[in-house]
Amino acid sequence: MENTESTDIEAAVYAAVQDALGLEPEEVTADATLLYDLGAESIDLLDMLFRLERSLGVKIEAAELATYVQGGIPDEEFGDAAEVVTAKGLAQLETVMPQIDTEALSGRLKADEVLGLFTVDNLVQLVRSRVDTPALARIGR
């Protein structure tokens, strides 16, 4: 059953990206970045999140993308005074965006460039984490 749910989530994310951006299925790949590769803009991200809410019943606010990526690390610890992602920030990015080469980006990646590296697969993982969260929250109550 878990594999079916996982497949359903992946299919819903791919469909949301395709529909929001008017793309063909073959254009949406796991490693395509939403902003840089697929050309999504802020309004498109909102559209994707709305489509996911309608199809899966999971509500994700646009601001939650940054929160998810930062993993609760405060802005001043995630980026330094020059707004370059710190070693602590890069370690967090490696957990939620394993495709990035943190070694190559060390000392160079600006905090405001991070979401540009967010891929379709990263969105799938975020949605999976959110679909699991409500059940866990109910158990804890």
# chains A, B, ... in the order shown; residues from 1 in each chain; ligands from 1

$ residues_around --residues "stretch 83-89 of chain A" --least-positions-apart "6" --cutoff "6 Å" --atoms "only C-alpha atoms" --output "number ranges by chain"
A: 109-111

$ residues_around --residues "A:Glu26" --least-positions-apart "3" --cutoff "12 Å" --atoms "only C-alpha atoms" --output "ChimeraX atom specification"
/A:14-15,17-18,22-23,29-30,32,38

$ write_last_selection --atoms "C-alpha atoms" --output "mmCIF file, in the first residue's frame"
data_model
loop_
_atom_site.group_PDB
_atom_site.id
_atom_site.type_symbol
_atom_site.label_atom_id
_atom_site.label_comp_id
_atom_site.auth_asym_id
_atom_site.auth_seq_id
_atom_site.Cartn_x
_atom_site.Cartn_y
_atom_site.Cartn_z
ATOM 1 C CA TYR A 14 4.384 15.587 -11.740
ATOM 2 C CA ALA A 15 0.849 16.410 -12.898
ATOM 3 C CA VAL A 17 4.099 20.763 -12.280
ATOM 4 C CA GLN A 18 3.077 19.879 -15.845
ATOM 5 C CA GLY A 22 1.920 23.924 -19.421
ATOM 6 C CA LEU A 23 4.636 21.339 -20.036
ATOM 7 C CA THR A 29 11.978 14.987 -14.864
ATOM 8 C CA ALA A 30 12.979 14.215 -11.284
ATOM 9 C CA ALA A 32 14.726 19.287 -13.283
ATOM 10 C CA LEU A 38 11.433 24.535 -15.951
#

$ atom_distance --atom1 "atom CA of A:Glu27" --atom2 "atom CA of A:Asp47"
17.9 Å

$ closest_residue --among "A:Leu117, A:Leu105, A:Ile73, A:Ala81" --to "A:Gly39" --atoms "only C-alpha atoms"
A:Leu117

$ residues_around --residues "stretch 58-72 of chain A" --least-positions-apart "2" --cutoff "7 Å" --atoms "only C-alpha atoms" --output "PyMOL selection string"
chain A and resi 46+49+52-53+56+74+78+89+92-93+96+130-131

$ closest_residue --among "A:Ala104, A:Leu123, A:Glu94, A:Arg128" --to "A:Ala16" --atoms "only C-alpha atoms"
A:Leu123

$ select_by_dssp --residues "stretch 16-126 of chain A" --states "alpha helix (DSSP H)" --output "PyMOL selection string"
chain A and resi 16-21+42-56+63-70+75-78+87-96+102-105+120-126

$ atom_distance --atom1 "atom CA of A:Ala11" --atom2 "atom CA of A:Leu90"
29.2 Å

$ select_by_dssp --residues "stretch 58-141 of chain A" --states "strand (DSSP E or B)" --output "PyMOL selection string"
chain A and resi 79+84-85+110+119

$ residues_around --residues "A:Asp37" --least-positions-apart "3" --cutoff "9 Å" --atoms "only C-alpha atoms" --output "PDB file with C-alpha atoms, in the first residue's frame"
ATOM      1  CA  ALA A  32      14.726  19.287 -13.283  1.00  0.00           C
ATOM      2  CA  THR A  33      14.838  22.399 -11.124  1.00  0.00           C
ATOM      3  CA  LEU A  34      11.494  24.122 -10.857  1.00  0.00           C
ATOM      4  CA  ALA A  40       8.599  28.445 -12.864  1.00  0.00           C
ATOM      5  CA  GLY A 116      16.582  27.818  -7.641  1.00  0.00           C
ATOM      6  CA  THR A 119      13.951  19.995  -8.101  1.00  0.00           C
TER       7      THR A 119
END
